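Pasted below: structure30.cif, mmCIF, C-alpha atoms.
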```cif
data_data
loop_
_atom_site.group_PDB
_atom_site.id
_atom_site.type_symbol
_atom_site.label_atom_id
_atom_site.label_comp_id
_atom_site.auth_asym_id
_atom_site.auth_seq_id
_atom_site.Cartn_x
_atom_site.Cartn_y
_atom_site.Cartn_z
ATOM 1 C CA ASN V 1 69.277 -6.430 -28.105
ATOM 2 C CA THR V 2 66.704 -7.852 -25.740
ATOM 3 C CA PRO V 3 68.243 -9.293 -22.571
ATOM 4 C CA THR V 4 66.988 -12.822 -21.967
ATOM 5 C CA PHE V 5 68.093 -12.992 -18.341
ATOM 6 C CA MET V 6 66.102 -10.057 -16.934
ATOM 7 C CA GLY V 7 63.479 -7.418 -17.493
ATOM 8 C CA LEU V 8 60.509 -9.678 -18.110
ATOM 9 C CA GLN V 9 57.245 -7.985 -17.146
ATOM 10 C CA ALA V 10 54.939 -10.815 -16.094
ATOM 11 C CA GLY V 11 52.081 -11.316 -13.699
ATOM 12 C CA CYS V 12 51.323 -14.343 -11.567
ATOM 13 C CA THR V 13 49.262 -16.059 -14.289
ATOM 14 C CA ASP V 14 51.986 -15.453 -16.876
ATOM 15 C CA MET V 15 54.594 -16.952 -14.554
ATOM 16 C CA ALA V 16 52.373 -19.995 -13.973
ATOM 17 C CA ARG V 17 51.974 -20.483 -17.733
ATOM 18 C CA PHE V 18 55.736 -20.225 -18.174
ATOM 19 C CA GLY V 19 56.238 -22.856 -15.460
ATOM 20 C CA TRP V 20 53.567 -25.112 -16.978
ATOM 21 C CA MET V 21 55.284 -24.936 -20.378
ATOM 22 C CA ALA V 22 58.635 -25.750 -18.737
ATOM 23 C CA ARG V 23 57.034 -28.625 -16.800
ATOM 24 C CA HIS V 24 55.855 -30.055 -20.135
ATOM 25 C CA GLU V 25 59.347 -29.848 -21.643
ATOM 26 C CA GLY V 26 58.642 -26.719 -23.675
ATOM 27 C CA ALA V 27 55.224 -27.742 -25.007
ATOM 28 C CA TRP V 28 52.007 -25.766 -24.826
ATOM 29 C CA SER V 29 49.578 -28.186 -26.392
ATOM 30 C CA PRO V 30 49.457 -28.650 -29.260
ATOM 31 C CA SER V 31 52.536 -26.518 -30.006
ATOM 32 C CA GLN V 32 56.171 -27.130 -29.081
ATOM 33 C CA ILE V 33 57.324 -23.625 -28.062
ATOM 34 C CA VAL V 34 60.855 -24.517 -26.906
ATOM 35 C CA SER V 35 62.545 -27.777 -27.845
ATOM 36 C CA GLY V 36 62.085 -30.574 -25.330
ATOM 37 C CA GLU V 37 65.772 -31.438 -25.619
ATOM 38 C CA TYR V 38 66.719 -27.884 -24.629
ATOM 39 C CA MET V 39 64.321 -27.891 -21.644
ATOM 40 C CA ARG V 40 65.737 -31.206 -20.397
ATOM 41 C CA GLU V 41 69.270 -29.772 -20.625
ATOM 42 C CA ALA V 42 68.247 -26.435 -19.060
ATOM 43 C CA THR V 43 66.758 -28.101 -15.995
ATOM 44 C CA ARG V 44 69.773 -30.275 -15.177
ATOM 45 C CA PRO V 45 73.069 -29.201 -13.620
ATOM 46 C CA SER V 46 75.016 -27.339 -16.307
ATOM 47 C CA GLN V 47 78.488 -27.115 -14.757
ATOM 48 C CA GLU V 48 80.582 -28.215 -11.796
ATOM 49 C CA LEU V 49 81.041 -24.790 -10.174
ATOM 50 C CA ASN V 50 77.448 -24.850 -8.868
ATOM 51 C CA PRO V 51 75.689 -28.195 -9.403
ATOM 52 C CA ASP V 52 72.354 -26.609 -8.404
ATOM 53 C CA TYR V 53 72.261 -24.438 -11.523
ATOM 54 C CA GLY V 54 71.097 -25.318 -15.032
ATOM 55 C CA PHE V 55 70.600 -22.848 -17.884
ATOM 56 C CA LEU V 56 68.918 -19.962 -15.996
ATOM 57 C CA TRP V 57 67.041 -22.503 -13.839
ATOM 58 C CA TRP V 58 67.910 -23.613 -10.319
ATOM 59 C CA VAL V 59 67.665 -27.388 -10.022
ATOM 60 C CA ASN V 60 67.208 -29.798 -7.138
ATOM 61 C CA GLN V 61 68.866 -32.875 -8.570
ATOM 62 C CA ASN V 62 71.290 -32.923 -5.649
ATOM 63 C CA SER V 63 68.449 -32.947 -3.081
ATOM 64 C CA SER V 64 69.525 -29.604 -1.658
ATOM 65 C CA TRP V 65 65.894 -28.510 -1.149
ATOM 66 C CA ASP V 66 64.778 -30.505 1.888
ATOM 67 C CA GLY V 67 61.525 -32.379 1.412
ATOM 68 C CA ILE V 68 61.171 -31.431 -2.265
ATOM 69 C CA PRO V 69 61.346 -34.117 -4.999
ATOM 70 C CA ASP V 70 64.659 -34.275 -6.850
ATOM 71 C CA ASP V 71 63.063 -33.442 -10.204
ATOM 72 C CA ALA V 72 62.073 -29.923 -9.031
ATOM 73 C CA PHE V 73 63.470 -26.818 -10.689
ATOM 74 C CA ALA V 74 62.826 -23.107 -10.248
ATOM 75 C CA ALA V 75 63.154 -19.721 -11.886
ATOM 76 C CA LEU V 76 64.097 -17.091 -9.293
ATOM 77 C CA GLY V 77 63.453 -13.456 -10.019
ATOM 78 C CA LEU V 78 63.999 -9.999 -8.629
ATOM 79 C CA GLY V 79 62.203 -9.369 -5.359
ATOM 80 C CA ASP V 80 62.056 -13.087 -4.609
ATOM 81 C CA GLN V 81 59.573 -13.901 -7.322
ATOM 82 C CA VAL V 82 59.588 -17.658 -7.855
ATOM 83 C CA THR V 83 58.253 -20.121 -10.376
ATOM 84 C CA LEU V 84 58.783 -23.549 -8.800
ATOM 85 C CA VAL V 85 58.095 -26.604 -10.967
ATOM 86 C CA ILE V 86 57.750 -30.118 -9.532
ATOM 87 C CA PRO V 87 57.100 -32.458 -12.482
ATOM 88 C CA SER V 88 56.604 -35.628 -10.413
ATOM 89 C CA LEU V 89 53.691 -33.922 -8.612
ATOM 90 C CA ASP V 90 52.424 -32.195 -11.782
ATOM 91 C CA MET V 91 52.797 -28.959 -9.823
ATOM 92 C CA VAL V 92 53.712 -25.374 -10.625
ATOM 93 C CA VAL V 93 53.949 -22.958 -7.698
ATOM 94 C CA VAL V 94 54.267 -19.215 -8.223
ATOM 95 C CA ARG V 95 55.197 -16.699 -5.563
ATOM 96 C CA VAL V 96 55.308 -12.957 -6.103
ATOM 97 C CA GLY V 97 56.299 -10.402 -3.524
ATOM 98 C CA ASP V 98 59.211 -9.301 -1.454
ATOM 99 C CA ARG V 99 60.712 -11.021 1.586
ATOM 100 C CA ARG V 100 62.062 -7.695 2.828
ATOM 101 C CA GLY V 101 65.718 -8.008 1.947
ATOM 102 C CA THR V 102 66.354 -11.611 2.985
ATOM 103 C CA GLN V 103 68.098 -13.118 0.016
ATOM 104 C CA ASP V 104 69.244 -16.588 0.999
ATOM 105 C CA TYR V 105 69.392 -18.758 -2.072
ATOM 106 C CA ASP V 106 70.722 -21.717 -0.133
ATOM 107 C CA GLY V 107 67.588 -23.725 -0.869
ATOM 108 C CA SER V 108 65.797 -23.126 2.435
ATOM 109 C CA PHE V 109 63.375 -20.649 0.872
ATOM 110 C CA LEU V 110 62.499 -23.108 -1.899
ATOM 111 C CA SER V 111 62.201 -25.927 0.640
ATOM 112 C CA ASP V 112 59.744 -23.851 2.670
ATOM 113 C CA LEU V 113 57.723 -22.723 -0.352
ATOM 114 C CA GLY V 114 57.588 -26.185 -1.886
ATOM 115 C CA GLY V 115 56.788 -27.778 1.462
ATOM 116 C CA LEU V 116 53.812 -25.477 1.954
ATOM 117 C CA ALA V 117 52.499 -26.284 -1.517
ATOM 118 C CA ILE V 118 52.984 -30.034 -1.078
ATOM 119 C CA ASP V 119 51.233 -29.922 2.311
ATOM 120 C CA ALA V 120 48.336 -27.974 0.793
ATOM 121 C CA LEU V 121 48.006 -30.528 -2.013
ATOM 122 C CA ALA V 122 47.992 -33.388 0.505
ATOM 123 C CA ALA V 123 45.230 -31.668 2.487
ATOM 124 C CA VAL V 124 42.873 -31.568 -0.515
#
```

If you took the structure in this file and wrote it as structure tokens, what would it be?
Amino acid sequence: NTPTFMGLQAGCTDMARFGWMARHEGAWSPSQIVSGEYMREATRPSQELNPDYGFLWWVNQNSSWDGIPDDAFAALGLGDQVTLVIPSLDMVVVRVGDRRGTQDYDGSFLSDLGGLAIDALAAV
């Protein structure tokens, strides 16, 4: 059995492609790779215990990531690898690397990462 929650070997470009497909509701033109209905469900709150969690995606629909649009969602991986998707800005941000043991998934890390990307886009 292949675990679907871990063990993916992917580089930065692969993670960006994954985020781009998720941003386009499972489509990689012209093919629909994952159903759009599933992607819409996966990137919304999935339960009441933690309203910031979808189906293996962290979601910002409760505005818990300061300064980041509410439609943002993210895949968080081992070693603080991140694929952050902001559909309203047509943006996918990928971060690979290690933050040296600081593992605060309270949203501040995603707020900082997204804020840097949004500022960089505004500067262009």

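Atom pair atom CA of V:Ala22 / atom CA of V:Ala122 has a distance of 23.3 Å (rounded to one decimal).
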
Legend entry - Test item: the PyMOL selection byres ((chain V and resi 87) around 9) resolved as a VMD selection string: chain V and resid 23 to 24 69 71 to 73 85 to 86 88 to 92

Inset, instruction - Please evaluate the PyMOL selection byres ((chain V and resi 118) around 10) against the displayed coordinates and give the resulting residues as a list in words. - result: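 Applied to this file, the PyMOL selection byres ((chain V and resi 118) around 10) returns Gly67, Ile68, Ile86, Leu89, Met91, Val93, Asp112, Leu113, Gly114, Gly115, Leu116, Ala117, Asp119, Ala120, Leu121, Ala122 and Ala123 of chain V.
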
Could those selected residues go to a file with C-alpha atoms, as a PDB file, in the coordinates of the input?
```pdb
ATOM      1  CA  GLY V  67      61.525 -32.379   1.412  1.00  0.00           C
ATOM      2  CA  ILE V  68      61.171 -31.431  -2.265  1.00  0.00           C
ATOM      3  CA  ILE V  86      57.750 -30.118  -9.532  1.00  0.00           C
ATOM      4  CA  LEU V  89      53.691 -33.922  -8.612  1.00  0.00           C
ATOM      5  CA  MET V  91      52.797 -28.959  -9.823  1.00  0.00           C
ATOM      6  CA  VAL V  93      53.949 -22.958  -7.698  1.00  0.00           C
ATOM      7  CA  ASP V 112      59.744 -23.851   2.670  1.00  0.00           C
ATOM      8  CA  LEU V 113      57.723 -22.723  -0.352  1.00  0.00           C
ATOM      9  CA  GLY V 114      57.588 -26.185  -1.886  1.00  0.00           C
ATOM     10  CA  GLY V 115      56.788 -27.778   1.462  1.00  0.00           C
ATOM     11  CA  LEU V 116      53.812 -25.477   1.954  1.00  0.00           C
ATOM     12  CA  ALA V 117      52.499 -26.284  -1.517  1.00  0.00           C
ATOM     13  CA  ASP V 119      51.233 -29.922   2.311  1.00  0.00           C
ATOM     14  CA  ALA V 120      48.336 -27.974   0.793  1.00  0.00           C
ATOM     15  CA  LEU V 121      48.006 -30.528  -2.013  1.00  0.00           C
ATOM     16  CA  ALA V 122      47.992 -33.388   0.505  1.00  0.00           C
ATOM     17  CA  ALA V 123      45.230 -31.668   2.487  1.00  0.00           C
TER      18      ALA V 123
END
```

Inset, instruction - Quick one: pull the distance between atom CA of V:Ser35 and atom CA of V:Leu76, Å, one decimal. - result: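 Pair atom CA of V:Ser35 / atom CA of V:Leu76 returns 21.5 Å.
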
Got a sec: who's within 8 Å of V:Thr83, counting all atoms listed in the file, leaving out chain neighbours fewer than 5 positions off, as a PDB file with C-alpha atoms, in the coordinates of the input?
```pdb
ATOM      1  CA  MET V  15      54.594 -16.952 -14.554  1.00  0.00           C
ATOM      2  CA  ALA V  16      52.373 -19.995 -13.973  1.00  0.00           C
ATOM      3  CA  GLY V  19      56.238 -22.856 -15.460  1.00  0.00           C
ATOM      4  CA  ALA V  74      62.826 -23.107 -10.248  1.00  0.00           C
ATOM      5  CA  ALA V  75      63.154 -19.721 -11.886  1.00  0.00           C
ATOM      6  CA  LEU V  76      64.097 -17.091  -9.293  1.00  0.00           C
ATOM      7  CA  VAL V  92      53.712 -25.374 -10.625  1.00  0.00           C
ATOM      8  CA  VAL V  93      53.949 -22.958  -7.698  1.00  0.00           C
ATOM      9  CA  VAL V  94      54.267 -19.215  -8.223  1.00  0.00           C
ATOM     10  CA  ARG V  95      55.197 -16.699  -5.563  1.00  0.00           C
TER      11      ARG V  95
END
```

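Picture a line from atom CA of V:Trp57 to atom CA of V:Thr13; it runs 18.9 Å.
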
Written as a PDB file with C-alpha atoms, in the coordinates of the input, what is the full residue list that the PyMOL selection byres ((chain V and resi 39) around 12) yields on the file shown?
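New file selection-v1.pdb:
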```
ATOM      1  CA  GLY V  19      56.238 -22.856 -15.460  1.00  0.00           C
ATOM      2  CA  MET V  21      55.284 -24.936 -20.378  1.00  0.00           C
ATOM      3  CA  ALA V  22      58.635 -25.750 -18.737  1.00  0.00           C
ATOM      4  CA  ARG V  23      57.034 -28.625 -16.800  1.00  0.00           C
ATOM      5  CA  HIS V  24      55.855 -30.055 -20.135  1.00  0.00           C
ATOM      6  CA  GLU V  25      59.347 -29.848 -21.643  1.00  0.00           C
ATOM      7  CA  GLY V  26      58.642 -26.719 -23.675  1.00  0.00           C
ATOM      8  CA  ALA V  27      55.224 -27.742 -25.007  1.00  0.00           C
ATOM      9  CA  GLN V  32      56.171 -27.130 -29.081  1.00  0.00           C
ATOM     10  CA  ILE V  33      57.324 -23.625 -28.062  1.00  0.00           C
ATOM     11  CA  VAL V  34      60.855 -24.517 -26.906  1.00  0.00           C
ATOM     12  CA  SER V  35      62.545 -27.777 -27.845  1.00  0.00           C
ATOM     13  CA  GLY V  36      62.085 -30.574 -25.330  1.00  0.00           C
ATOM     14  CA  GLU V  37      65.772 -31.438 -25.619  1.00  0.00           C
ATOM     15  CA  TYR V  38      66.719 -27.884 -24.629  1.00  0.00           C
ATOM     16  CA  ARG V  40      65.737 -31.206 -20.397  1.00  0.00           C
ATOM     17  CA  GLU V  41      69.270 -29.772 -20.625  1.00  0.00           C
ATOM     18  CA  ALA V  42      68.247 -26.435 -19.060  1.00  0.00           C
ATOM     19  CA  THR V  43      66.758 -28.101 -15.995  1.00  0.00           C
ATOM     20  CA  ARG V  44      69.773 -30.275 -15.177  1.00  0.00           C
ATOM     21  CA  PRO V  45      73.069 -29.201 -13.620  1.00  0.00           C
ATOM     22  CA  SER V  46      75.016 -27.339 -16.307  1.00  0.00           C
ATOM     23  CA  GLY V  54      71.097 -25.318 -15.032  1.00  0.00           C
ATOM     24  CA  PHE V  55      70.600 -22.848 -17.884  1.00  0.00           C
ATOM     25  CA  LEU V  56      68.918 -19.962 -15.996  1.00  0.00           C
ATOM     26  CA  TRP V  57      67.041 -22.503 -13.839  1.00  0.00           C
ATOM     27  CA  PHE V  73      63.470 -26.818 -10.689  1.00  0.00           C
TER      28      PHE V  73
END
```

Starting from the incomplete input, reconstruct N, CA and C atoms of stretch 64-96 of chain V and report them as a short mmCIF file (atom, residue, chain, number, x, y, z; two decimals), in the frame of the given file.
```cif
data_model
loop_
_atom_site.label_atom_id
_atom_site.label_comp_id
_atom_site.auth_asym_id
_atom_site.auth_seq_id
_atom_site.Cartn_x
_atom_site.Cartn_y
_atom_site.Cartn_z
N SER V 64 69.16 -30.68 -2.57
CA SER V 64 69.53 -29.60 -1.66
C SER V 64 68.30 -28.86 -1.11
N TRP V 65 67.12 -29.13 -1.66
CA TRP V 65 65.89 -28.51 -1.15
C TRP V 65 65.17 -29.56 -0.32
N ASP V 66 65.33 -29.50 0.97
CA ASP V 66 64.78 -30.50 1.89
C ASP V 66 63.29 -30.73 1.66
N GLY V 67 62.93 -32.01 1.52
CA GLY V 67 61.52 -32.38 1.41
C GLY V 67 60.90 -32.16 0.06
N ILE V 68 61.69 -31.70 -0.92
CA ILE V 68 61.17 -31.43 -2.26
C ILE V 68 61.72 -32.51 -3.20
N PRO V 69 60.86 -33.08 -4.07
CA PRO V 69 61.35 -34.12 -5.00
C PRO V 69 62.55 -33.65 -5.82
N ASP V 70 63.42 -34.58 -6.13
CA ASP V 70 64.66 -34.28 -6.85
C ASP V 70 64.45 -33.70 -8.25
N ASP V 71 63.29 -33.93 -8.85
CA ASP V 71 63.06 -33.44 -10.20
C ASP V 71 62.63 -31.98 -10.24
N ALA V 72 62.53 -31.31 -9.09
CA ALA V 72 62.07 -29.92 -9.03
C ALA V 72 63.11 -28.97 -9.62
N PHE V 73 62.61 -27.89 -10.20
CA PHE V 73 63.47 -26.82 -10.69
C PHE V 73 62.72 -25.50 -10.54
N ALA V 74 63.45 -24.39 -10.53
CA ALA V 74 62.83 -23.11 -10.25
C ALA V 74 63.50 -21.97 -11.00
N ALA V 75 62.67 -21.00 -11.38
CA ALA V 75 63.15 -19.72 -11.89
C ALA V 75 63.02 -18.74 -10.73
N LEU V 76 64.11 -18.06 -10.39
CA LEU V 76 64.10 -17.09 -9.29
C LEU V 76 64.28 -15.70 -9.87
N GLY V 77 63.40 -14.80 -9.47
CA GLY V 77 63.45 -13.46 -10.02
C GLY V 77 63.67 -12.38 -8.98
N LEU V 78 63.80 -11.17 -9.47
CA LEU V 78 64.00 -10.00 -8.63
C LEU V 78 62.87 -9.88 -7.61
N GLY V 79 63.21 -9.52 -6.40
CA GLY V 79 62.20 -9.37 -5.36
C GLY V 79 61.66 -10.70 -4.87
N ASP V 80 62.43 -11.74 -5.06
CA ASP V 80 62.06 -13.09 -4.61
C ASP V 80 60.82 -13.64 -5.30
N GLN V 81 60.61 -13.26 -6.53
CA GLN V 81 59.57 -13.90 -7.32
C GLN V 81 60.07 -15.29 -7.70
N VAL V 82 59.20 -16.27 -7.62
CA VAL V 82 59.59 -17.66 -7.86
C VAL V 82 58.57 -18.36 -8.73
N THR V 83 59.06 -19.13 -9.68
CA THR V 83 58.25 -20.12 -10.38
C THR V 83 58.92 -21.45 -10.08
N LEU V 84 58.27 -22.24 -9.23
CA LEU V 84 58.78 -23.55 -8.80
C LEU V 84 58.00 -24.63 -9.53
N VAL V 85 58.71 -25.53 -10.19
CA VAL V 85 58.10 -26.60 -10.97
C VAL V 85 58.50 -27.94 -10.35
N ILE V 86 57.50 -28.78 -10.06
CA ILE V 86 57.75 -30.12 -9.53
C ILE V 86 57.05 -31.11 -10.45
N PRO V 87 57.74 -31.58 -11.50
CA PRO V 87 57.10 -32.46 -12.48
C PRO V 87 56.47 -33.72 -11.90
N SER V 88 57.13 -34.37 -10.95
CA SER V 88 56.60 -35.63 -10.41
C SER V 88 55.28 -35.44 -9.69
N LEU V 89 54.98 -34.22 -9.26
CA LEU V 89 53.69 -33.92 -8.61
C LEU V 89 52.76 -33.16 -9.54
N ASP V 90 53.20 -32.96 -10.80
CA ASP V 90 52.42 -32.20 -11.78
C ASP V 90 52.05 -30.84 -11.20
N MET V 91 53.05 -30.17 -10.59
CA MET V 91 52.80 -28.96 -9.82
C MET V 91 53.66 -27.80 -10.30
N VAL V 92 53.02 -26.63 -10.39
CA VAL V 92 53.71 -25.37 -10.62
C VAL V 92 53.27 -24.43 -9.52
N VAL V 93 54.23 -23.87 -8.80
CA VAL V 93 53.95 -22.96 -7.70
C VAL V 93 54.57 -21.61 -8.05
N VAL V 94 53.77 -20.56 -7.94
CA VAL V 94 54.27 -19.22 -8.22
C VAL V 94 54.16 -18.38 -6.95
N ARG V 95 55.21 -17.62 -6.69
CA ARG V 95 55.20 -16.70 -5.56
C ARG V 95 55.68 -15.35 -6.06
N VAL V 96 54.89 -14.32 -5.78
CA VAL V 96 55.31 -12.96 -6.10
C VAL V 96 55.35 -12.17 -4.81
#
```
